[in-house]
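Coordinates as given in coords02.txt (compact mmCIF, C-alpha atoms):
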# COMPACT_ATOMS: atom_id res chain seq x y z
CA MET A 1226 14.08 9.09 16.61
CA THR A 1227 12.07 8.67 19.78
CA ARG A 1228 13.01 5.64 21.84
CA GLY A 1229 9.49 5.45 23.30
CA ARG A 1230 6.90 2.93 22.28
CA ALA A 1231 5.10 5.03 19.68
CA LEU A 1232 6.09 7.46 16.97
CA ASP A 1233 5.68 11.11 17.90
CA TRP A 1234 4.36 13.50 15.24
CA SER A 1235 6.11 16.55 16.70
CA THR A 1236 9.54 14.91 16.59
CA ASP A 1237 9.50 11.83 14.32
CA GLY A 1238 7.09 13.57 11.96
CA ALA A 1239 8.70 17.01 12.01
CA ASP A 1240 10.14 16.56 8.50
CA TRP A 1241 7.75 13.87 7.26
CA PRO A 1242 7.22 13.86 3.48
CA ASN A 1243 4.26 16.00 2.36
CA ARG A 1244 3.70 17.07 5.97
CA HIS A 1245 1.76 20.12 4.79
CA SER A 1246 -0.94 17.75 3.49
CA SER A 1247 -1.30 15.86 6.79
CA ARG A 1248 -4.16 15.95 9.24
CA PHE A 1249 -5.51 13.73 12.00
CA VAL A 1250 -9.03 12.30 11.82
CA THR A 1251 -11.03 10.28 14.35
CA ALA A 1252 -12.76 7.16 13.02
CA ALA A 1253 -13.51 3.71 14.50
CA ASP A 1254 -12.38 4.99 17.93
CA LEU A 1255 -8.90 5.67 16.58
CA THR A 1256 -6.91 8.70 15.51
CA TRP A 1257 -5.77 8.35 11.90
CA HIS A 1258 -2.96 10.15 10.14
CA VAL A 1259 -4.20 11.08 6.66
CA GLN A 1260 -2.62 13.05 3.83
CA THR A 1261 -4.84 14.71 1.21
CA MET A 1262 -3.89 16.77 -1.81
CA GLY A 1263 -5.08 17.68 -5.31
CA GLN A 1264 -8.43 18.11 -7.05
CA GLY A 1265 -10.59 15.84 -9.17
CA PRO A 1266 -11.94 12.31 -8.69
CA VAL A 1267 -10.94 10.72 -5.39
CA LEU A 1268 -7.98 8.33 -5.54
CA LEU A 1269 -7.25 6.23 -2.45
CA LEU A 1270 -3.73 4.96 -1.69
CA ALA A 1271 -3.19 1.99 0.66
CA HIS A 1272 0.42 1.22 1.59
CA GLY A 1273 1.91 -2.18 2.37
CA THR A 1274 2.95 -4.00 5.54
CA GLY A 1275 5.29 -2.02 7.78
CA SER A 1276 5.06 1.10 5.66
CA SER A 1277 3.22 4.45 5.87
CA THR A 1278 2.32 7.52 3.81
CA HIS A 1279 6.03 8.16 3.27
CA SER A 1280 5.95 5.40 0.65
CA TRP A 1281 3.91 7.73 -1.60
CA ARG A 1282 6.14 10.77 -1.07
CA ASP A 1283 7.07 11.20 -4.75
CA LEU A 1284 4.08 9.50 -6.36
CA MET A 1285 1.37 11.42 -4.52
CA PRO A 1286 2.19 14.94 -5.82
CA ARG A 1287 2.24 13.58 -9.38
CA LEU A 1288 -1.20 11.99 -8.95
CA ALA A 1289 -2.52 15.17 -7.33
CA ARG A 1290 -2.30 16.90 -10.73
CA TYR A 1291 -5.35 14.87 -11.77
CA PHE A 1292 -7.00 13.50 -8.62
CA THR A 1293 -7.97 14.29 -5.05
CA VAL A 1294 -5.50 11.89 -3.46
CA VAL A 1295 -6.26 10.41 -0.02
CA ALA A 1296 -3.44 8.48 1.66
CA PRO A 1297 -3.78 7.26 5.27
CA ASP A 1298 -1.40 5.45 7.55
CA LEU A 1299 -3.25 2.15 7.91
CA LEU A 1300 -4.38 0.61 11.18
CA GLY A 1301 -1.49 0.33 13.65
CA HIS A 1302 1.01 1.77 11.18
CA GLY A 1303 3.00 4.98 11.22
CA PHE A 1304 1.18 7.77 13.05
CA THR A 1305 -2.25 6.09 13.09
CA GLY A 1306 -3.45 4.62 16.36
CA THR A 1307 -3.43 1.00 17.49
CA PRO A 1308 -6.76 -0.76 18.18
CA ARG A 1309 -7.22 -1.71 21.82
CA THR A 1310 -9.43 -4.74 21.30
CA SER A 1311 -9.60 -6.07 17.72
CA GLY A 1312 -6.50 -7.50 16.14
CA ILE A 1313 -4.74 -6.09 13.10
CA THR A 1314 -6.32 -8.58 10.72
CA LEU A 1315 -7.26 -8.19 7.08
CA ALA A 1316 -10.93 -7.75 8.00
CA ALA A 1317 -10.14 -5.24 10.76
CA MET A 1318 -7.90 -3.18 8.50
CA ALA A 1319 -10.53 -3.08 5.75
CA ALA A 1320 -13.28 -2.16 8.23
CA GLY A 1321 -11.12 0.57 9.75
CA LEU A 1322 -10.36 2.00 6.34
CA GLU A 1323 -14.07 1.99 5.48
CA ALA A 1324 -14.85 3.88 8.70
CA LEU A 1325 -12.16 6.42 7.85
CA LEU A 1326 -13.58 7.00 4.35
CA GLN A 1327 -17.03 7.49 5.87
CA ALA A 1328 -15.63 9.99 8.36
CA LEU A 1329 -13.94 11.85 5.50
CA GLY A 1330 -17.11 11.69 3.41
CA VAL A 1331 -15.36 10.35 0.31
CA ALA A 1332 -15.87 7.42 -2.05
CA PRO A 1333 -12.82 6.61 -4.20
CA ALA A 1334 -13.18 6.43 -7.97
CA VAL A 1335 -9.72 4.84 -8.11
CA ALA A 1336 -8.13 2.60 -5.47
CA VAL A 1337 -4.39 1.89 -5.51
CA GLY A 1338 -2.77 -0.58 -3.12
CA HIS A 1339 0.82 -1.67 -2.73
CA SER A 1340 1.57 -5.23 -1.62
CA ALA A 1341 -0.74 -6.07 1.33
CA GLY A 1342 -2.58 -2.80 0.70
CA ALA A 1343 -4.03 -4.38 -2.45
CA ALA A 1344 -5.55 -7.22 -0.41
CA ILE A 1345 -7.02 -4.73 2.08
CA LEU A 1346 -8.61 -2.79 -0.77
CA THR A 1347 -10.00 -6.01 -2.27
CA ARG A 1348 -11.75 -6.84 1.01
CA LEU A 1349 -12.99 -3.25 1.29
CA VAL A 1350 -14.40 -3.22 -2.25
CA VAL A 1351 -16.04 -6.66 -2.06
CA GLY A 1352 -17.22 -6.68 1.54
CA GLY A 1353 -17.68 -3.00 2.37
CA SER A 1354 -20.65 -0.69 1.97
CA ILE A 1355 -18.95 2.12 0.05
CA PRO A 1356 -19.56 2.37 -3.72
CA ALA A 1357 -17.05 0.32 -5.70
CA PRO A 1358 -14.31 2.27 -7.48
CA ALA A 1359 -14.03 2.09 -11.25
CA VAL A 1360 -10.63 0.43 -11.01
CA LEU A 1361 -8.34 -1.16 -8.43
CA VAL A 1362 -4.64 -0.92 -9.24
CA ALA A 1363 -2.48 -3.44 -7.38
CA LEU A 1364 1.19 -2.45 -7.26
CA ASN A 1365 3.15 -5.66 -6.63
CA GLY A 1366 0.05 -6.90 -4.87
CA ALA A 1367 0.21 -9.51 -2.09
CA MET A 1368 -3.21 -11.01 -2.74
CA LEU A 1369 -2.58 -14.77 -2.58
CA PRO A 1370 -1.60 -16.94 0.41
CA ILE A 1371 1.92 -18.30 0.64
CA PRO A 1372 1.36 -21.92 -0.40
CA GLY A 1373 2.02 -25.04 1.62
CA LEU A 1374 3.89 -25.49 4.86
CA THR A 1375 5.89 -22.28 4.41
CA GLY A 1376 2.85 -20.08 4.92
CA HIS A 1377 1.80 -21.91 8.11
CA VAL A 1378 5.32 -21.76 9.53
CA MET A 1379 5.64 -18.04 8.83
CA ARG A 1380 2.31 -17.24 10.52
CA ALA A 1381 3.20 -19.40 13.51
CA ALA A 1382 6.58 -17.70 13.84
CA ALA A 1383 4.98 -14.26 13.62
CA LYS A 1384 2.49 -15.20 16.36
CA MET A 1385 5.29 -16.39 18.63
CA LEU A 1386 7.29 -13.20 18.05
CA ALA A 1387 4.26 -10.92 18.41
CA PHE A 1388 3.37 -12.29 21.85
CA SER A 1389 6.88 -11.85 23.23
CA PRO A 1390 7.15 -8.43 24.94
CA ALA A 1391 10.90 -8.25 24.34
CA VAL A 1392 10.94 -9.08 20.63
CA PRO A 1393 9.56 -5.77 19.26
CA TRP A 1394 12.20 -3.89 21.26
CA MET A 1395 14.97 -6.17 20.04
CA VAL A 1396 13.84 -5.95 16.41
CA SER A 1397 13.45 -2.19 16.69
CA CYS A 1398 16.97 -1.75 18.07
CA ARG A 1399 18.37 -3.61 15.08
CA THR A 1400 16.17 -2.26 12.28
CA ARG A 1401 16.48 1.39 13.25
CA GLN A 1402 19.95 1.20 11.70
CA PRO A 1403 19.87 2.48 8.09
CA ARG A 1404 22.36 -0.18 6.94
CA THR A 1405 20.08 -2.95 8.19
CA VAL A 1406 17.06 -1.39 6.48
CA GLU A 1407 19.03 -0.93 3.27
CA LYS A 1408 19.85 -4.66 3.21
CA MET A 1409 16.22 -5.58 3.90
CA ILE A 1410 15.01 -3.40 1.04
CA ALA A 1411 17.73 -4.70 -1.29
CA ASN A 1412 16.46 -8.22 -0.58
CA THR A 1413 13.13 -7.20 -2.15
CA GLY A 1414 14.93 -6.16 -5.34
CA SER A 1415 14.60 -2.41 -4.82
CA THR A 1416 17.14 0.37 -4.42
CA LEU A 1417 16.07 3.50 -2.55
CA THR A 1418 17.72 6.82 -1.81
CA ALA A 1419 19.27 7.45 1.59
CA ALA A 1420 16.23 9.56 2.49
CA GLY A 1421 13.84 6.75 1.56
CA ILE A 1422 15.80 4.27 3.65
CA GLY A 1423 15.81 6.75 6.52
CA TYR A 1424 12.00 6.93 6.67
CA TYR A 1425 11.73 3.15 6.95
CA ALA A 1426 14.43 3.13 9.63
CA ARG A 1427 12.50 5.77 11.55
CA LEU A 1428 9.33 3.68 11.43
CA MET A 1429 11.13 0.52 12.50
CA GLY A 1430 12.74 2.45 15.34
CA SER A 1431 9.34 2.42 17.05
CA PRO A 1432 8.79 -0.81 19.04
CA LEU A 1433 5.02 -0.22 18.85
CA HIS A 1434 5.13 -0.02 15.07
CA VAL A 1435 7.20 -3.24 14.97
CA ARG A 1436 4.80 -5.00 17.35
CA ASN A 1437 1.83 -3.98 15.20
CA VAL A 1438 3.56 -5.29 12.07
CA LEU A 1439 4.20 -8.63 13.79
CA ASN A 1440 0.57 -8.75 14.98
CA MET A 1441 -0.59 -8.07 11.44
CA LEU A 1442 1.57 -10.87 10.03
CA ALA A 1443 0.41 -13.24 12.78
CA GLY A 1444 -3.26 -12.72 11.92
CA TRP A 1445 -2.91 -12.40 8.16
CA ASP A 1446 -5.12 -14.80 6.21
CA LEU A 1447 -5.54 -14.29 2.47
CA ARG A 1448 -7.92 -17.20 1.87
CA GLN A 1449 -10.77 -14.67 1.98
CA THR A 1450 -9.03 -12.60 -0.70
CA VAL A 1451 -8.88 -15.63 -2.99
CA ARG A 1452 -12.65 -15.98 -2.55
CA ASP A 1453 -13.17 -12.25 -3.08
CA LEU A 1454 -11.17 -11.83 -6.29
CA PRO A 1455 -13.51 -13.56 -8.78
CA SER A 1456 -16.40 -11.35 -7.60
CA LEU A 1457 -14.45 -8.08 -7.62
CA PRO A 1458 -17.01 -5.48 -8.79
CA CYS A 1459 -14.50 -3.26 -10.56
CA ARG A 1460 -11.68 -3.40 -13.07
CA LEU A 1461 -8.40 -4.87 -11.76
CA VAL A 1462 -5.01 -3.77 -13.05
CA LEU A 1463 -2.05 -5.70 -11.67
CA VAL A 1464 1.33 -4.00 -11.90
CA THR A 1465 4.25 -6.32 -11.25
CA ALA A 1466 8.00 -5.70 -11.38
CA ASP A 1467 10.35 -8.15 -13.01
CA GLY A 1468 12.97 -7.50 -10.32
CA ASP A 1469 10.60 -8.06 -7.38
CA ARG A 1470 12.19 -10.68 -5.12
CA ALA A 1471 9.39 -10.53 -2.55
CA LEU A 1472 6.52 -11.15 -4.99
CA PRO A 1473 7.86 -12.24 -8.38
CA PRO A 1474 5.75 -11.70 -11.52
CA HIS A 1475 4.39 -15.26 -11.47
CA VAL A 1476 2.36 -14.29 -8.36
CA ALA A 1477 0.64 -11.50 -10.30
CA ARG A 1478 -0.01 -13.88 -13.19
CA ARG A 1479 -1.71 -16.34 -10.83
CA THR A 1480 -3.78 -13.50 -9.41
CA ALA A 1481 -4.80 -12.30 -12.87
CA ALA A 1482 -6.02 -15.80 -13.73
CA LEU A 1483 -8.61 -15.52 -10.94
CA VAL A 1484 -10.15 -12.30 -12.25
CA PRO A 1485 -11.76 -12.29 -15.70
CA GLY A 1486 -10.90 -9.18 -17.69
CA SER A 1487 -7.98 -8.20 -15.46
CA GLU A 1488 -4.93 -6.41 -16.85
CA LEU A 1489 -1.32 -7.36 -16.11
CA VAL A 1490 1.45 -4.82 -16.63
CA VAL A 1491 5.14 -5.65 -16.17
CA HIS A 1492 7.34 -2.89 -14.76
CA ARG A 1493 10.85 -3.50 -16.02
CA SER A 1494 14.09 -3.02 -14.07
CA TYR A 1495 12.59 -2.37 -10.62
CA GLY A 1496 11.82 -4.30 -7.44
CA HIS A 1497 9.05 -4.64 -4.86
CA LEU A 1498 9.04 -0.89 -4.16
CA SER A 1499 8.85 0.07 -7.83
CA HIS A 1500 6.43 2.91 -7.09
CA GLU A 1501 9.13 4.53 -4.95
CA GLU A 1502 11.87 3.85 -7.49
CA ALA A 1503 9.86 5.05 -10.51
CA PRO A 1504 7.10 7.43 -9.35
CA GLU A 1505 6.67 9.15 -12.72
CA GLU A 1506 6.16 5.90 -14.61
CA THR A 1507 3.87 4.56 -11.88
CA ALA A 1508 1.76 7.73 -11.94
CA ASP A 1509 1.39 7.38 -15.70
CA LEU A 1510 0.27 3.75 -15.33
CA ILE A 1511 -2.35 4.73 -12.76
CA LEU A 1512 -3.56 7.67 -14.83
CA ARG A 1513 -3.96 5.49 -17.90
CA ALA A 1514 -5.76 2.80 -15.88
CA ALA A 1515 -8.20 5.42 -14.58
CA GLN A 1516 -8.85 6.81 -18.05
CA ALA A 1517 -9.31 3.35 -19.56
CA SER A 1518 -11.84 2.60 -16.80
CA GLY A 1519 -13.95 5.65 -17.60
CA VAL A 1520 -12.90 7.87 -14.70
CA PRO A 1521 -13.38 11.55 -15.69
CA VAL A 1522 -9.83 12.58 -14.88
CA ALA A 1523 -9.13 16.29 -14.45
CA ARG A 1524 -6.69 17.98 -16.81
CA ASP A 1525 -3.24 18.85 -15.59
CA SER A 1526 -2.78 22.62 -15.64
CA GLY A 1527 0.42 22.01 -17.57
CA GLY A 1528 -1.19 20.54 -20.68
CA GLN A 1529 -3.27 17.82 -22.29
CA LEU A 1530 -3.88 14.39 -20.87
CA PRO A 1531 -2.04 11.52 -22.53
CA VAL A 1532 -4.25 9.33 -24.70
CA PRO A 1533 -4.43 5.88 -23.11
CA PRO A 1534 -4.04 2.72 -25.17
CA ARG A 1535 -6.94 0.33 -25.52
CA TRP A 1536 -6.54 -2.16 -22.67
CA ARG A 1537 -7.79 -5.70 -23.07
CA GLY A 1538 -8.44 -8.31 -20.42
CA ASN A 1539 -5.62 -10.58 -19.29
CA THR A 1540 -3.10 -8.97 -21.64
CA GLU A 1541 0.43 -8.56 -20.44
CA ARG A 1542 2.18 -5.34 -21.40
CA PRO A 1543 5.83 -4.55 -20.61
CA ILE A 1544 6.70 -1.10 -19.30
CA HIS A 1545 10.40 -0.42 -19.72
CA ALA A 1546 12.45 1.76 -17.40
CA ALA A 1547 13.91 4.87 -18.95
CA ALA A 1548 17.48 4.41 -20.07
Whole structure given in structure tokens:
Amino acid sequence: MTRGRALDWSTDGADWPNRHSSRFVTAADLTWHVQTMGQGPVLLLAHGTGSSTHSWRDLMPRLARYFTVVAPDLLGHGFTGTPRTSGITLAAMAAGLEALLQALGVAPAVAVGHSAGAAILTRLVVGGSIPAPAVLVALNGAMLPIPGLTGHVMRAAAKMLAFSPAVPWMVSCRTRQPRTVEKMIANTGSTLTAAGIGYYARLMGSPLHVRNVLNMLAGWDLRQTVRDLPSLPCRLVLVTADGDRALPPHVARRTAALVPGSELVVHRSYGHLSHEEAPEETADLILRAAQASGVPVARDSGGQLPVPPRWRGNTERPIHAAA
């Protein structure tokens, strides 16, 4: 791990998951790290706060059987550049992502966001100029503000930490330790492999990455997302996990209540990072959501597509983990 301010692709990224699918693209005056694989309708993946493309390491190849999958490191995250002037706000992250899609010349038919990535995609779909996807799949989506005094205190604390030059270095020194990262992830209800923990530790070992995460949290305001949700111009499928300690299922249920015709699916026996814990099941959920939304999904070379069930608005379906 580099002890410099930023992650270095030649060293930190030397064994990065799906590295063969990586490239660097210029958009919005920044250099973006983007991974692309597969054929078929375009499926966009947007990771959550503090994460990167590594979060899709096992899910992405499964989706690439049916889609052209596009997965960037979001603004200020991973190996994507940091904006010099604008902050890392919800609006800035959505605008940056829109500029990247325009530079790539793609319009997603399916958009999938984990945690804060779901809020970014909501802003992109409602406020952007690209054609709306057929469906937005929110994986443990963080789309509602933290209510009451707690939310204000957390934002104020993040602002204080973000503006202290020493804090990112101090946090980075502590969180580059795999044991620390393992405890942090366990607190969200998820259990990852040693390799999965190692990628998060590598990211958090960059003081610049940590500073950008703090800046994002300091400027994060989901009141716009609450206004956006009722006018979402596409189907919304909310996937929640009953073991998610960061965003329990009741958050997804509140979100679903704001969007007529939305679908709520409960992922059993996993936590906040359920897409990393259960990539095969998550890929199947996404595939079925795309099919049910009329996306002309390509056939897997290995056989027939599964026949999706009929999905109805605001129904809650349990998905059980394999025994």
Counting all atoms listed in the file, which residues of stretch 1291-1352 of chain A fall within 12 Å of stretch 1449-1466 of chain A, and what is the closest atom pair for each with its distance in Å at one decimal, ordered by chain and rising number, as a tab-separated table?
residue	atom	partner	partner_atom	distance
A:Thr1314	CA	A:Gln1449	CA	11.5
A:Leu1315	CA	A:Gln1449	CA	9.0
A:Ala1316	CA	A:Gln1449	CA	9.2
A:Ala1319	CA	A:Thr1450	CA	11.6
A:Pro1333	CA	A:Cys1459	CA	11.9
A:Ala1334	CA	A:Cys1459	CA	10.1
A:Val1335	CA	A:Cys1459	CA	9.7
A:Ala1336	CA	A:Leu1461	CA	9.8
A:Val1337	CA	A:Val1462	CA	9.4
A:Gly1338	CA	A:Leu1463	CA	10.0
A:His1339	CA	A:Val1464	CA	9.5
A:Ser1340	CA	A:Thr1465	CA	10.1
A:Ala1341	CA	A:Thr1450	CA	10.7
A:Gly1342	CA	A:Thr1450	CA	11.8
A:Ala1343	CA	A:Leu1463	CA	9.5
A:Ala1344	CA	A:Thr1450	CA	6.4
A:Ile1345	CA	A:Thr1450	CA	8.6
A:Leu1346	CA	A:Thr1450	CA	9.8
A:Thr1347	CA	A:Thr1450	CA	6.8
A:Arg1348	CA	A:Thr1450	CA	6.6
A:Leu1349	CA	A:Asp1453	CA	10.0
A:Val1350	CA	A:Leu1457	CA	7.2
A:Val1351	CA	A:Leu1457	CA	6.0
A:Gly1352	CA	A:Asp1453	CA	8.3
Just want the 8 Å neighbourhood of A:Ala1481, counted on all atoms listed in the file, with same-chain residues fewer than 6 positions away dropped. Output as a PyMOL selection string.
chain A and resi 1463+1487-1489+1539
Top pick for closest residue to A:Ala1332, considering A:Pro1432, A:Pro1266, A:Gly1275, A:Gly1468 and counting only C-alpha atoms
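Smallest separation from A:Ala1332 among the options: A:Pro1266.
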Hey, which of A:Ile1313, A:Ala1231, A:Ala1359, A:Leu1483 ends up closest to A:Val1522? Count only C-alpha atoms.
A:Ala1359
To one decimal place, how far is atom CA of A:Tyr1425 from atom CA of A:Cys1398 in Å?
13.2 Å
Write out as an NGL selection string which residues come within 12 Å of A:Phe1304 when counting only C-alpha atoms, dropping same-chain ones fewer than 3 positions away.
:A and (1230-1239 or 1241 or 1244 or 1247-1250 or 1255-1260 or 1275-1279 or 1297-1301 or 1307 or 1427-1428 or 1431 or 1433-1434 or 1437)
Could you work out how far atom CA of A:Ala1420 lies from atom CA of A:Ala1289, giving the answer in Å with one decimal?
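Taking atom CA of A:Ala1289 and atom CA of A:Ala1420, their separation equals 21.9 Å.
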In terms of the shortest atom-to-atom distance over all atoms listed in the file, which of A:Ala1320, A:Met1395, A:Ala1363, A:Val1476 is closest to A:Thr1507?
A:Ala1363
Within-12 Å shell of (20.0, 0.4, 6.7) in input frame, only C-alpha atoms, as a list in words:
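Checked against the point, the hits come out as Cys1398, Arg1399, Thr1400, Arg1401, Gln1402, Pro1403, Arg1404, Thr1405, Val1406, Glu1407, Lys1408, Met1409, Ile1410, Ala1411, Asn1412, Thr1416, Leu1417, Thr1418, Ala1419, Ala1420, Gly1421, Ile1422, Gly1423, Tyr1424, Tyr1425, Ala1426, Arg1427, Met1429 and Gly1430 of chain A.
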Atom pair atom CA of A:Gly1496 / atom CA of A:Leu1270: separation (Å):
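One can read the atom CA of A:Gly1496 to atom CA of A:Leu1270 distance as 19.0 Å.
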Please write as an NGL selection string the list of polymer residues whose atoms come within 7 Å of (8.2, -6.5, 17.5), counting all atoms listed in the file and keeping to the coordinates of the file.
:A and (1386-1387 or 1392-1394 or 1396-1397 or 1432 or 1435-1436 or 1439)
Work out where the centre of an axis-aligned box around every listed atom of stretch 1414-1424 of chain A lies and how long its edges are once 3 Å is added on each side; give both in Å to one decimal as lines of an AutoDock Vina configuration file.
center_x = 15.6
center_y = 1.7
center_z = 0.7
size_x = 13.3
size_y = 21.7
size_z = 18.0
Top pick for closest residue to A:Leu1284, considering A:Val1267, A:Ile1511, A:Val1438, A:Ala1477 and counting all atoms listed in the file
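With all atoms listed in the file as the atom set, the closest residue is A:Ile1511.
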Nearest-residue call for A:Arg1470, choices A:Arg1309, A:His1245, A:Arg1282, A:His1497, using only C-alpha atoms:
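When distances to A:Arg1470 are compared using only C-alpha atoms, the smallest one comes from A:His1497.
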Pick from A:Leu1442, A:Ser1415, A:Arg1448, A:Leu1510, whichever lies nearest to A:Asp1469 using only C-alpha atoms
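Using only C-alpha atoms, A:Asp1469 sits closest to A:Ser1415.
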